[in-house]
$ cat start-v5.cif   # mmCIF, C-alpha atoms and all ligand atoms
data_coords
loop_
_atom_site.label_atom_id
_atom_site.label_comp_id
_atom_site.auth_asym_id
_atom_site.auth_seq_id
_atom_site.Cartn_x
_atom_site.Cartn_y
_atom_site.Cartn_z
CA MET A 2 -193.89 -218.61 66.07
CA ASN A 3 -190.32 -218.69 64.84
CA ARG A 4 -188.36 -215.51 64.56
CA SER A 5 -186.37 -215.17 61.34
CA LYS A 6 -182.74 -214.17 61.04
CA ILE A 7 -180.50 -213.15 58.19
CA ALA A 8 -178.20 -216.17 58.02
CA GLY A 9 -176.18 -215.01 55.02
CA ILE A 10 -175.86 -211.86 52.97
CA GLY A 11 -174.12 -210.92 49.73
CA TYR A 12 -174.02 -208.22 47.08
CA TYR A 13 -172.78 -207.74 43.58
CA VAL A 14 -172.12 -204.58 41.61
CA PRO A 15 -170.86 -204.54 38.01
CA GLU A 16 -167.21 -203.66 37.42
CA ARG A 17 -167.86 -200.70 35.12
CA VAL A 18 -167.71 -197.40 37.00
CA VAL A 19 -169.52 -194.46 35.39
CA THR A 20 -168.59 -191.11 36.89
CA ASN A 21 -170.58 -187.89 36.73
CA ASN A 22 -168.01 -186.61 34.26
CA ASP A 23 -168.77 -189.59 31.99
CA LEU A 24 -172.42 -188.49 31.89
CA ILE A 25 -171.46 -184.98 30.89
CA LYS A 26 -170.35 -186.43 27.54
CA VAL A 27 -173.94 -187.43 26.65
CA MET A 28 -176.19 -184.91 28.44
CA ASP A 29 -176.23 -181.36 29.71
CA THR A 30 -175.30 -181.80 33.36
CA THR A 31 -172.37 -181.14 35.69
CA ASP A 32 -170.50 -183.02 38.38
CA GLU A 33 -171.27 -180.13 40.77
CA TRP A 34 -175.03 -180.28 40.12
CA ILE A 35 -175.20 -184.02 40.66
CA GLN A 36 -173.01 -184.05 43.79
CA GLU A 37 -174.68 -181.05 45.35
CA ARG A 38 -178.27 -182.27 44.79
CA THR A 39 -177.79 -186.01 45.31
CA GLY A 40 -174.37 -186.74 46.80
CA ILE A 41 -173.64 -189.15 43.92
CA ARG A 42 -170.10 -189.24 42.51
CA GLU A 43 -170.34 -192.40 40.43
CA ARG A 44 -172.47 -195.46 39.75
CA ARG A 45 -172.00 -198.90 38.17
CA TYR A 46 -173.45 -200.07 34.86
CA GLY A 47 -173.73 -203.72 33.91
CA LYS A 48 -172.14 -205.21 30.80
CA LYS A 49 -174.63 -205.24 27.94
CA HIS A 50 -175.30 -208.71 26.45
CA GLU A 51 -173.65 -210.35 29.48
CA GLU A 52 -175.11 -209.06 32.71
CA THR A 53 -178.78 -208.77 33.57
CA THR A 54 -180.88 -208.18 36.66
CA THR A 55 -181.02 -211.96 37.08
CA THR A 56 -177.32 -212.71 36.59
CA MET A 57 -176.37 -210.00 39.10
CA ALA A 58 -178.93 -211.42 41.52
CA ALA A 59 -177.42 -214.87 41.08
CA ALA A 60 -173.94 -213.55 41.91
CA ALA A 61 -175.23 -211.91 45.11
CA SER A 62 -177.30 -215.00 45.99
CA ARG A 63 -174.34 -217.37 45.70
CA ILE A 64 -172.41 -215.27 48.23
CA ALA A 65 -175.43 -215.16 50.56
CA CYS A 66 -175.82 -218.95 50.34
CA GLU A 67 -172.14 -219.54 51.04
CA ARG A 68 -172.23 -217.27 54.08
CA ALA A 69 -175.38 -219.01 55.33
CA GLY A 70 -173.58 -222.34 54.91
CA ILE A 71 -176.16 -223.74 52.50
CA GLN A 72 -176.14 -224.92 48.90
CA PRO A 73 -178.54 -223.17 46.48
CA GLU A 74 -180.35 -226.55 46.26
CA GLU A 75 -181.45 -226.08 49.88
CA ILE A 76 -183.41 -222.89 49.12
CA ASP A 77 -187.13 -223.46 49.80
CA PHE A 78 -188.52 -220.29 48.26
CA ILE A 79 -187.40 -217.24 46.27
CA VAL A 80 -188.68 -213.68 46.73
CA PHE A 81 -187.31 -211.35 44.06
CA ALA A 82 -187.75 -207.57 44.17
CA THR A 83 -187.03 -205.53 41.04
CA LEU A 84 -188.46 -202.82 38.83
CA SER A 85 -186.10 -203.64 35.97
CA PRO A 86 -186.86 -207.29 35.19
CA ASP A 87 -185.12 -209.12 32.35
CA TYR A 88 -188.51 -209.83 30.78
CA TYR A 89 -191.91 -208.20 31.19
CA PHE A 90 -192.92 -211.77 32.06
CA PRO A 91 -192.04 -214.29 33.39
CA GLY A 92 -190.53 -212.60 36.41
CA CYS A 93 -186.93 -212.74 37.57
CA GLY A 94 -187.72 -215.20 40.39
CA VAL A 95 -187.94 -218.17 38.02
CA LEU A 96 -184.99 -216.92 35.96
CA LEU A 97 -182.92 -216.76 39.13
CA GLN A 98 -183.96 -220.29 40.01
CA ARG A 99 -182.66 -221.42 36.62
CA GLU A 100 -179.50 -219.32 36.92
CA LEU A 101 -178.72 -220.93 40.28
CA GLY A 102 -179.23 -224.37 38.75
CA ILE A 103 -182.02 -225.36 41.11
CA THR A 104 -184.93 -226.01 38.77
CA LYS A 105 -185.07 -229.69 39.83
CA GLN A 106 -186.38 -228.66 43.23
CA GLU A 107 -189.30 -226.78 41.66
CA VAL A 108 -189.58 -224.49 44.69
CA GLY A 109 -191.89 -221.48 44.56
CA ALA A 110 -190.70 -218.09 43.32
CA VAL A 111 -192.44 -214.75 43.48
CA ASP A 112 -191.60 -211.30 42.13
CA ILE A 113 -192.21 -208.13 44.12
CA ARG A 114 -192.88 -204.94 42.19
CA ASN A 115 -192.50 -202.31 44.87
CA GLN A 116 -189.63 -200.33 43.47
CA CYS A 117 -187.43 -198.64 46.11
CA SER A 118 -189.18 -200.32 49.05
CA GLY A 119 -189.18 -203.67 47.20
CA PHE A 120 -186.49 -205.33 49.29
CA VAL A 121 -188.03 -204.42 52.65
CA TYR A 122 -191.41 -205.66 51.39
CA ALA A 123 -189.75 -208.85 50.12
CA LEU A 124 -188.02 -209.37 53.47
CA SER A 125 -191.31 -208.93 55.29
CA ILE A 126 -193.03 -211.48 53.04
CA ALA A 127 -190.21 -213.97 53.54
CA ASP A 128 -190.38 -213.31 57.29
CA GLN A 129 -194.02 -214.44 57.38
CA PHE A 130 -193.12 -217.77 55.72
CA ILE A 131 -190.35 -218.42 58.24
CA LYS A 132 -192.47 -217.34 61.21
CA THR A 133 -195.23 -219.78 60.37
CA GLY A 134 -192.70 -222.59 59.88
CA MET A 135 -193.57 -223.08 56.21
CA TYR A 136 -189.99 -222.62 54.96
CA LYS A 137 -186.47 -222.94 56.39
CA ASN A 138 -184.31 -221.16 53.79
CA VAL A 139 -185.86 -218.28 51.90
CA LEU A 140 -183.75 -216.38 49.37
CA VAL A 141 -184.66 -212.69 49.31
CA VAL A 142 -183.18 -210.61 46.51
CA GLY A 143 -183.22 -207.04 45.29
CA SER A 144 -181.59 -206.46 41.92
CA GLU A 145 -181.71 -203.72 39.27
CA MET A 146 -180.29 -203.14 35.82
CA HIS A 147 -181.35 -199.52 35.40
CA SER A 148 -178.76 -198.64 32.78
CA MET A 149 -180.71 -200.55 30.12
CA GLY A 150 -183.81 -198.37 30.46
CA LEU A 151 -182.80 -194.78 31.07
CA ASP A 152 -183.05 -191.72 28.85
CA PHE A 153 -179.46 -190.64 28.25
CA SER A 154 -180.49 -187.41 26.52
CA THR A 155 -180.71 -184.11 28.40
CA ARG A 156 -184.48 -184.61 28.63
CA GLY A 157 -183.99 -187.51 31.06
CA ARG A 158 -181.18 -186.00 33.10
CA ASN A 159 -183.15 -185.46 36.34
CA VAL A 160 -183.79 -189.23 36.54
CA THR A 161 -180.84 -190.77 34.73
CA VAL A 162 -178.04 -189.27 36.82
CA ILE A 163 -179.52 -190.80 39.98
CA PHE A 164 -179.74 -194.49 39.10
CA GLY A 165 -177.21 -197.32 39.03
CA ASP A 166 -177.05 -201.11 38.69
CA GLY A 167 -176.44 -203.74 41.34
CA ALA A 168 -177.86 -206.59 43.42
CA GLY A 169 -178.11 -207.70 47.05
CA ALA A 170 -179.39 -210.94 48.55
CA VAL A 171 -180.02 -212.55 51.92
CA ILE A 172 -180.89 -216.03 53.14
CA LEU A 173 -183.58 -215.90 55.80
CA GLN A 174 -183.75 -218.78 58.27
CA PRO A 175 -185.49 -219.50 61.58
CA SER A 176 -183.49 -218.05 64.45
CA GLU A 177 -182.43 -220.38 67.26
CA ASP A 178 -182.35 -217.40 69.66
CA ALA A 179 -185.86 -216.04 70.28
CA ASN A 180 -184.46 -212.57 71.02
CA ARG A 181 -182.51 -212.28 67.76
CA GLY A 182 -183.69 -211.72 64.23
CA ILE A 183 -186.41 -209.65 62.60
CA LEU A 184 -188.36 -207.93 65.37
CA THR A 185 -190.95 -206.29 63.15
CA THR A 186 -191.67 -204.95 59.69
CA LYS A 187 -194.00 -202.11 58.74
CA LEU A 188 -195.39 -201.75 55.24
CA HIS A 189 -197.35 -198.84 53.75
CA SER A 190 -198.53 -197.47 50.45
CA ASN A 191 -200.60 -194.67 48.98
CA GLY A 192 -201.46 -194.85 45.29
CA THR A 193 -202.75 -191.29 45.09
CA TYR A 194 -199.52 -190.11 43.52
CA ALA A 195 -198.68 -193.24 41.51
CA GLU A 196 -197.67 -191.31 38.40
CA LYS A 197 -195.32 -188.86 40.19
CA LEU A 198 -192.54 -191.43 39.96
CA SER A 199 -193.40 -193.96 37.31
CA PHE A 200 -192.47 -195.91 34.22
CA ILE A 201 -195.75 -195.91 32.35
CA ASN A 202 -194.91 -197.17 28.87
CA PRO A 203 -195.01 -199.84 27.69
CA GLY A 204 -198.12 -200.75 29.65
CA ALA A 205 -201.69 -201.90 29.32
CA HIS A 206 -203.15 -198.64 30.61
CA GLY A 207 -204.64 -197.58 27.28
CA GLY A 208 -204.68 -193.94 28.36
CA TYR A 209 -205.90 -194.51 31.95
CA HIS A 210 -203.02 -192.42 33.29
CA LYS A 211 -204.39 -189.25 31.64
CA LYS A 212 -206.87 -188.44 34.38
CA HIS A 213 -204.09 -188.71 36.97
CA MET A 214 -201.47 -186.56 35.27
CA GLU A 215 -201.39 -182.80 34.98
CA GLU A 216 -199.48 -182.85 31.73
CA GLU A 217 -201.35 -184.48 28.87
CA VAL A 218 -199.20 -186.63 26.62
CA ASP A 219 -200.50 -187.96 23.30
CA PHE A 220 -199.24 -191.52 22.84
CA GLY A 221 -201.07 -191.98 19.54
CA TYR A 222 -203.60 -194.58 20.69
CA PRO A 223 -205.80 -196.18 18.03
CA PRO A 224 -209.56 -195.60 18.45
CA PRO A 225 -211.10 -197.44 21.45
CA ASP A 226 -212.92 -200.04 19.32
CA THR A 227 -209.75 -201.38 17.66
CA TYR A 228 -207.49 -204.09 19.04
CA GLY A 229 -203.73 -204.13 19.54
CA GLU A 230 -200.98 -201.52 19.51
CA ILE A 231 -202.04 -200.19 22.88
CA PHE A 232 -199.20 -201.62 24.94
CA ILE A 233 -196.60 -199.73 22.94
CA THR A 234 -197.54 -197.47 20.04
CA PRO A 235 -195.34 -196.24 17.19
CA LYS A 236 -195.86 -192.71 18.52
CA MET A 237 -194.50 -193.64 21.94
CA ILE A 238 -191.36 -194.91 20.25
CA ALA A 239 -191.05 -191.95 17.91
CA ASP A 240 -191.44 -189.49 20.80
CA GLY A 241 -189.22 -191.45 23.19
CA ASN A 242 -192.04 -191.84 25.72
CA TYR A 243 -190.84 -195.07 27.25
CA TYR A 244 -188.63 -193.90 30.10
CA PRO A 245 -189.09 -193.37 33.84
CA ILE A 246 -190.52 -190.00 34.88
CA MET A 247 -190.20 -188.27 38.23
CA GLU A 248 -191.34 -185.08 39.89
CA GLY A 249 -188.21 -184.85 41.98
CA GLN A 250 -189.19 -182.19 44.48
CA PHE A 251 -192.55 -183.81 45.19
CA VAL A 252 -190.88 -187.17 45.79
CA PHE A 253 -188.27 -185.53 48.01
CA LYS A 254 -190.88 -183.90 50.26
CA MET A 255 -192.85 -187.12 50.68
CA ALA A 256 -189.70 -189.14 51.36
CA VAL A 257 -188.36 -186.93 54.15
CA HIS A 258 -191.77 -187.15 55.85
CA LYS A 259 -192.43 -190.88 55.43
CA PHE A 260 -188.95 -192.24 56.29
CA PRO A 261 -188.98 -191.01 59.91
CA GLU A 262 -192.67 -191.85 60.31
CA VAL A 263 -192.29 -195.52 59.39
CA ILE A 264 -189.10 -195.87 61.45
CA HIS A 265 -190.82 -194.40 64.52
CA GLU A 266 -193.79 -196.69 63.98
CA ALA A 267 -191.57 -199.79 64.18
CA LEU A 268 -189.56 -198.47 67.14
CA GLN A 269 -192.67 -197.52 69.07
CA GLU A 270 -194.22 -200.96 68.63
CA GLN A 271 -191.06 -202.53 70.05
CA GLY A 272 -190.77 -200.09 72.95
CA LEU A 273 -187.55 -198.67 71.46
CA GLN A 274 -186.27 -195.22 70.60
CA ALA A 275 -184.27 -193.82 67.70
CA SER A 276 -181.23 -193.56 69.99
CA ASP A 277 -181.34 -197.37 70.40
CA ILE A 278 -180.56 -197.86 66.70
CA ASP A 279 -176.98 -199.07 66.18
CA MET A 280 -177.19 -198.92 62.40
CA LEU A 281 -179.78 -197.32 60.15
CA ILE A 282 -179.71 -198.56 56.57
CA PRO A 283 -181.82 -196.12 54.60
CA HIS A 284 -182.72 -196.82 51.00
CA GLN A 285 -180.13 -194.84 49.05
CA ALA A 286 -182.49 -192.45 47.27
CA ASN A 287 -180.52 -189.26 47.68
CA LEU A 288 -177.82 -188.37 50.20
CA ARG A 289 -179.80 -185.25 51.13
CA ILE A 290 -182.80 -187.38 52.05
CA SER A 291 -180.67 -189.68 54.23
CA GLN A 292 -179.06 -186.67 55.93
CA PHE A 293 -182.47 -185.17 56.59
CA VAL A 294 -183.70 -188.44 58.12
CA GLN A 295 -180.53 -188.72 60.22
CA LYS A 296 -181.06 -185.20 61.55
CA THR A 297 -184.73 -185.80 62.30
CA LEU A 298 -183.88 -188.96 64.26
CA ARG A 299 -180.89 -187.26 65.91
CA LEU A 300 -178.50 -190.02 64.86
CA ARG A 301 -174.71 -189.73 64.72
CA ASP A 302 -172.82 -190.30 61.47
CA ASP A 303 -171.67 -193.72 62.69
CA GLN A 304 -175.32 -194.81 63.13
CA VAL A 305 -176.21 -194.38 59.44
CA TRP A 306 -174.78 -196.18 56.41
CA ASN A 307 -174.59 -194.27 53.13
CA ASN A 308 -173.02 -195.53 49.93
CA ILE A 309 -175.04 -193.66 47.30
CA GLN A 310 -171.84 -191.70 46.54
CA LYS A 311 -170.41 -194.86 44.90
CA TYR A 312 -173.44 -196.64 43.50
CA GLY A 313 -176.22 -194.09 42.96
CA ASN A 314 -179.75 -195.23 43.66
CA THR A 315 -180.02 -198.97 42.96
CA THR A 316 -183.71 -199.08 43.95
CA ALA A 317 -184.63 -202.56 45.28
CA ALA A 318 -180.94 -203.46 45.57
CA SER A 319 -179.87 -200.45 47.60
CA VAL A 320 -180.88 -201.68 51.07
CA PRO A 321 -179.28 -205.16 50.83
CA ILE A 322 -176.12 -203.74 49.21
CA ALA A 323 -175.76 -201.13 51.97
CA LEU A 324 -176.56 -203.66 54.71
CA CYS A 325 -174.00 -206.09 53.31
CA GLU A 326 -171.33 -203.40 53.05
CA ALA A 327 -171.98 -202.26 56.61
CA TRP A 328 -171.80 -205.85 57.84
CA GLU A 329 -168.60 -206.54 55.88
CA ALA A 330 -167.06 -203.38 57.38
CA GLY A 331 -167.78 -204.75 60.88
CA LYS A 332 -170.34 -202.01 61.57
CA VAL A 333 -173.18 -204.48 62.09
CA LYS A 334 -172.36 -206.82 64.95
CA ASP A 335 -174.16 -209.54 66.91
CA GLY A 336 -176.78 -208.00 69.16
CA ASP A 337 -176.92 -204.68 67.28
CA LEU A 338 -180.26 -203.08 66.54
CA VAL A 339 -180.41 -202.59 62.77
CA CYS A 340 -183.13 -200.55 61.12
CA LEU A 341 -183.90 -200.82 57.41
CA ALA A 342 -186.12 -198.17 55.85
CA ALA A 343 -187.23 -197.35 52.33
CA PHE A 344 -189.52 -195.07 50.38
CA GLY A 345 -190.26 -194.92 46.69
CA SER A 346 -192.57 -195.09 43.71
CA GLY A 347 -196.15 -196.06 44.39
CA PHE A 348 -195.77 -194.40 46.77
CA THR A 349 -194.73 -197.34 48.94
CA TRP A 350 -192.63 -197.21 52.07
CA ALA A 351 -191.50 -199.68 54.71
CA SER A 352 -189.23 -200.36 57.65
CA ALA A 353 -187.75 -203.39 59.38
CA LEU A 354 -186.12 -203.70 62.79
CA ILE A 355 -183.59 -206.48 63.22
CA ARG A 356 -181.76 -207.59 66.36
CA TRP A 357 -178.63 -208.90 64.61
N1 LIG A 401 -178.10 -181.64 35.70
C1 LIG A 401 -178.25 -180.32 35.65
N2 LIG A 401 -179.44 -179.71 35.84
C2 LIG A 401 -180.49 -180.49 36.08
C3 LIG A 401 -180.40 -181.89 36.16
C4 LIG A 401 -179.14 -182.46 35.95
N3 LIG A 401 -178.94 -183.79 36.00
N4 LIG A 401 -181.63 -182.38 36.42
C5 LIG A 401 -182.47 -181.35 36.53
N5 LIG A 401 -181.79 -180.20 36.32
C6 LIG A 401 -182.28 -178.83 36.33
C7 LIG A 401 -183.76 -178.74 36.02
O1 LIG A 401 -183.98 -178.72 34.64
C8 LIG A 401 -184.14 -177.44 36.68
O2 LIG A 401 -183.76 -176.40 35.86
P1 LIG A 401 -184.63 -175.07 35.74
O3 LIG A 401 -184.63 -174.49 37.13
O4 LIG A 401 -183.90 -174.26 34.74
O5 LIG A 401 -185.99 -175.52 35.30
C9 LIG A 401 -183.23 -177.40 37.91
O6 LIG A 401 -182.16 -178.32 37.65
C10 LIG A 401 -183.92 -177.79 39.19
O7 LIG A 401 -184.63 -179.00 38.96
P2 LIG A 401 -185.38 -179.75 40.10
O8 LIG A 401 -185.93 -181.02 39.55
O9 LIG A 401 -186.30 -178.81 40.77
O10 LIG A 401 -184.14 -180.06 41.05
P3 LIG A 401 -184.11 -180.53 42.54
O11 LIG A 401 -183.37 -179.58 43.35
O12 LIG A 401 -185.45 -180.97 43.02
O13 LIG A 401 -183.22 -181.85 42.43
C11 LIG A 401 -183.54 -184.20 42.39
C12 LIG A 401 -183.65 -182.89 41.62
C13 LIG A 401 -184.08 -185.28 41.47
C14 LIG A 401 -182.10 -184.45 42.69
C15 LIG A 401 -184.33 -184.09 43.69
O14 LIG A 401 -185.60 -183.54 43.48
C16 LIG A 401 -184.49 -185.43 44.35
O15 LIG A 401 -183.54 -186.05 44.74
N6 LIG A 401 -185.72 -185.90 44.55
C17 LIG A 401 -185.98 -187.17 45.12
C18 LIG A 401 -185.69 -188.18 44.09
C19 LIG A 401 -185.65 -189.55 44.63
O16 LIG A 401 -185.27 -189.79 45.73
N7 LIG A 401 -186.04 -190.48 43.78
C20 LIG A 401 -186.00 -191.84 44.06
C21 LIG A 401 -187.21 -192.26 44.79
S1 LIG A 401 -186.86 -193.08 46.16
#
$ encode --input "start-v5.cif" --output "structure tokens" --more "lines below"
Ligand code: COA
Amino acid sequence: MNRSKIAGIGYYVPERVVTNNDLIKVMDTTDEWIQERTGIRERRYGKKHEETTTTMAAAASRIACERAGIQPEEIDFIVFATLSPDYYFPGCGVLLQRELGITKQEVGAVDIRNQCSGFVYALSIADQFIKTGMYKNVLVVGSEMHSMGLDFSTRGRNVTVIFGDGAGAVILQPSEDANRGILTTKLHSNGTYAEKLSFINPGAHGGYHKKHMEEEVDFGYPPPDTYGEIFITPKMIADGNYYPIMEGQFVFKMAVHKFPEVIHEALQEQGLQASDIDMLIPHQANLRISQFVQKTLRLRDDQVWNNIQKYGNTTAASVPIALCEAWEAGKVKDGDLVCLAAFGSGFTWASALIRW
């Protein structure tokens, strides 16, 4: 079996910086609250009518291709992770193919809907294709345009202040050196708490969520024997029930438990210890979560990369953006043991160990 390596990496964040003080103008929040609870100082928002999840992904992908020394035409397969797709369908994978100008090749493209762990899942899927020898250049992308779908009223403040826009991409190739590349990936999920962090409407659930949520919300569904108007009802629009929802403290508690667990699982399988990690790239969910994980694993500050202060939580994009930044800063070097880890909605969580 081949081992796969990250041959090229790139990221893109929109130019527009939105500080905590900018948010104060539209909702009841404070810079102190946001910084103290999340560590976030600012985030980026894409340009409406110009930038989308796909265009940002294309910008990151072009950099990754260039650094891998390949042309976009040489990509064999696209794996695209996002929870904020341009369209409900088709997925961003095919839109990215078009954006990169490589439709002639008609290579396969798949979208991954695993939210915050989406990139690590996508990397693991791409890894299997390289390992088996099916593909030579797989483009793996995480990209999010959250700013288009957040509730900017005070009602949505617990979610909205956290999220930002951006994209990260890697080119995965077979590694010539059997000791270098992706050593292992670990993937997990538990749907028991699916609604605790979710974006339910619009959706085809037709009220299914009710038995899984403590708080009953009336979305104004027509009677069961009528057709249509289930996906999005006039009442949902009137009541503004089409935004992400999150039980923050519940998510926090699960995250600080599952991050270390899935990292240890990968380390143990490889006969390694936390102290062997040269760089941990945690999904940038909340600085407090990353600090808790760092403490649990007894890692020094220089063994963990955090950039949530600048970008907020960019969901599927956060791991590749942070990895790329760390690499560009010279903090990820040949031979280093790099650990990627993520936890998020689903709940889904995952880790990857890479010998760089
Ligand atoms: N500004 C000011 N006050 C806010 C606020 C905001 N942006 N958002 C919520 N509050 C208020 C709440 O209304 C609540 O007020 P009350 O006590 O009067 O009812 C109070 O702050 C505490 O709210 P709570 O939600 O309990 O805060 P918290 O300490 O749990 O922090 C999070 C909220 C979201 C920062 C925190 O729970 C968290 O980070 N959770 C994990 C989220 C995460 O990682 N999500 C991504 C998944 S990977």
$ residues_around --input "start-v5.cif" --residues "region 7-16 of chain A" --least-positions-apart "3" --cutoff "8 Å" --atoms "only C-alpha atoms" --output "ChimeraX atom specification"
/A:45-48,57-58,60-70,166-174,182,321-322,325,357
$ closest_residue --input "start-v5.cif" --among "A:Ala323, A:Val252, A:Val108, A:Leu298" --to "ligand LIG 401 (chain A)" --atoms "only C-alpha atoms and all ligand atoms"
A:Val252
$ residues_around --input "start-v5.cif" --residues "Ser276 (chain A)" --least-positions-apart "3" --cutoff "12 Å" --atoms "only C-alpha atoms" --output "list of chain:residue names"
A:Ile264, A:His265, A:Leu268, A:Gly272, A:Leu273, A:Asp279, A:Met280, A:Leu281, A:Gln295, A:Lys296, A:Thr297, A:Leu298, A:Arg299, A:Leu300, A:Arg301, A:Gln304, A:Val305, A:Leu338, A:Val339, A:Cys340
$ residues_around --input "start-v5.cif" --residues "region 28-32 of chain A" --least-positions-apart "2" --cutoff "7 Å" --atoms "all atoms listed in the file" --output "list in words"
Asn21, Asn22, Leu24, Ile25, Lys26, Trp34, Ile35, Gln36, Phe153, Ser154, Thr155 and Arg158 of chain A
$ residues_near_ligand --input "start-v5.cif" --ligand "ligand LIG 401 (chain A)" --cutoff "9 Å" --atoms "only C-alpha atoms and all ligand atoms" --output "ChimeraX atom specification"
/A:25,28-35,37-39,116-118,155-164,198,247-256,284-290,314,316,343-346
$ residues_around --input "start-v5.cif" --residues "Arg44 (chain A)" --least-positions-apart "5" --cutoff "7 Å" --atoms "only C-alpha atoms" --output "JSON, numbers by chain"
{"A": [18, 19, 20, 165, 311, 312, 313]}
$ closest_atom_pairs --input "start-v5.cif" --of "region 275-329 of chain A" --to "region 79-90 of chain A" --cutoff "12 Å" --atoms "all atoms listed in the file" --output "Markdown table"
| residue | atom | partner | partner_atom | distance |
| --- | --- | --- | --- | --- |
| A:Thr315 | CA | A:Thr83 | CA | 9.8 |
| A:Thr316 | CA | A:Thr83 | CA | 7.8 |
| A:Ala317 | CA | A:Thr83 | CA | 5.7 |
| A:Ala318 | CA | A:Thr83 | CA | 7.9 |
| A:Ser319 | CA | A:Thr83 | CA | 11.0 |
| A:Val320 | CA | A:Ala82 | CA | 11.4 |
| A:Pro321 | CA | A:Ala82 | CA | 11.0 |
$ atom_distance --input "start-v5.cif" --atom1 "CA of Glu196 (chain A)" --atom2 "CA of Phe348 (chain A)"
9.1 Å
$ atom_distance --input "start-v5.cif" --atom1 "CA of Asn308 (chain A)" --atom2 "CA of Ile282 (chain A)"
9.9 Å
$ atom_distance --input "start-v5.cif" --atom1 "CA of Pro245 (chain A)" --atom2 "CA of Val27 (chain A)"
17.8 Å
$ closest_residue --input "start-v5.cif" --among "A:Gly40, A:Asn242, A:Glu75, A:Pro175" --to "Gln292 (chain A)" --atoms "only C-alpha atoms"
A:Gly40
$ closest_residue --input "start-v5.cif" --among "A:Thr53, A:Gln310, A:Thr133, A:Asn138" --to "Ile71 (chain A)" --atoms "only C-alpha atoms"
A:Asn138
$ closest_residue --input "start-v5.cif" --among "A:Pro261, A:Gly208, A:Glu329, A:Gly192" --to "Gln274 (chain A)" --atoms "only C-alpha atoms"
A:Pro261
$ closest_residue --input "start-v5.cif" --among "A:Thr185, A:Ser352, A:Asn3, A:Thr55" --to "Tyr136 (chain A)" --atoms "only C-alpha atoms"
A:Asn3
$ residues_around --input "start-v5.cif" --residues "Ile201 (chain A)" --least-positions-apart "4" --cutoff "12 Å" --atoms "all atoms listed in the file" --output "NGL selection string"
:A and (84 or 195-197 or 205-211 or 213-214 or 218 or 220 or 232-233 or 237 or 242-247 or 346)
$ build_atoms --input "start-v5.cif" --residues "region 20-32 of chain A" --atoms "N, CA and C atoms" --output "PDB file, in the frame of the given file"
ATOM      1  N   THR A  20    -168.653-192.307  36.042  1.00  0.00           N
ATOM      2  CA  THR A  20    -168.590-191.110  36.890  1.00  0.00           C
ATOM      3  C   THR A  20    -169.551-190.042  36.367  1.00  0.00           C
ATOM      4  N   ASN A  21    -169.752-189.014  37.184  1.00  0.00           N
ATOM      5  CA  ASN A  21    -170.580-187.890  36.730  1.00  0.00           C
ATOM      6  C   ASN A  21    -169.985-187.266  35.473  1.00  0.00           C
ATOM      7  N   ASN A  22    -168.665-187.193  35.437  1.00  0.00           N
ATOM      8  CA  ASN A  22    -168.010-186.610  34.260  1.00  0.00           C
ATOM      9  C   ASN A  22    -168.236-187.444  32.999  1.00  0.00           C
ATOM     10  N   ASP A  23    -168.428-188.754  33.156  1.00  0.00           N
ATOM     11  CA  ASP A  23    -168.770-189.590  31.990  1.00  0.00           C
ATOM     12  C   ASP A  23    -170.134-189.195  31.443  1.00  0.00           C
ATOM     13  N   LEU A  24    -171.063-188.842  32.330  1.00  0.00           N
ATOM     14  CA  LEU A  24    -172.420-188.490  31.890  1.00  0.00           C
ATOM     15  C   LEU A  24    -172.458-187.150  31.155  1.00  0.00           C
ATOM     16  N   ILE A  25    -171.525-186.300  31.529  1.00  0.00           N
ATOM     17  CA  ILE A  25    -171.460-184.980  30.890  1.00  0.00           C
ATOM     18  C   ILE A  25    -171.260-185.105  29.374  1.00  0.00           C
ATOM     19  N   LYS A  26    -170.621-186.221  28.981  1.00  0.00           N
ATOM     20  CA  LYS A  26    -170.350-186.430  27.540  1.00  0.00           C
ATOM     21  C   LYS A  26    -171.632-186.662  26.752  1.00  0.00           C
ATOM     22  N   VAL A  27    -172.717-187.112  27.408  1.00  0.00           N
ATOM     23  CA  VAL A  27    -173.940-187.430  26.650  1.00  0.00           C
ATOM     24  C   VAL A  27    -175.132-186.532  26.989  1.00  0.00           C
ATOM     25  N   MET A  28    -175.061-185.778  28.077  1.00  0.00           N
ATOM     26  CA  MET A  28    -176.190-184.910  28.440  1.00  0.00           C
ATOM     27  C   MET A  28    -175.695-183.626  29.094  1.00  0.00           C
ATOM     28  N   ASP A  29    -176.589-182.646  29.125  1.00  0.00           N
ATOM     29  CA  ASP A  29    -176.230-181.360  29.710  1.00  0.00           C
ATOM     30  C   ASP A  29    -176.382-181.430  31.233  1.00  0.00           C
ATOM     31  N   THR A  30    -175.292-181.742  31.903  1.00  0.00           N
ATOM     32  CA  THR A  30    -175.300-181.800  33.360  1.00  0.00           C
ATOM     33  C   THR A  30    -173.884-181.485  33.849  1.00  0.00           C
ATOM     34  N   THR A  31    -173.719-181.381  35.154  1.00  0.00           N
ATOM     35  CA  THR A  31    -172.370-181.140  35.690  1.00  0.00           C
ATOM     36  C   THR A  31    -172.140-182.002  36.920  1.00  0.00           C
ATOM     37  N   ASP A  32    -170.875-182.256  37.179  1.00  0.00           N
ATOM     38  CA  ASP A  32    -170.500-183.020  38.380  1.00  0.00           C
ATOM     39  C   ASP A  32    -170.988-182.274  39.625  1.00  0.00           C
TER      40      ASP A  32
END
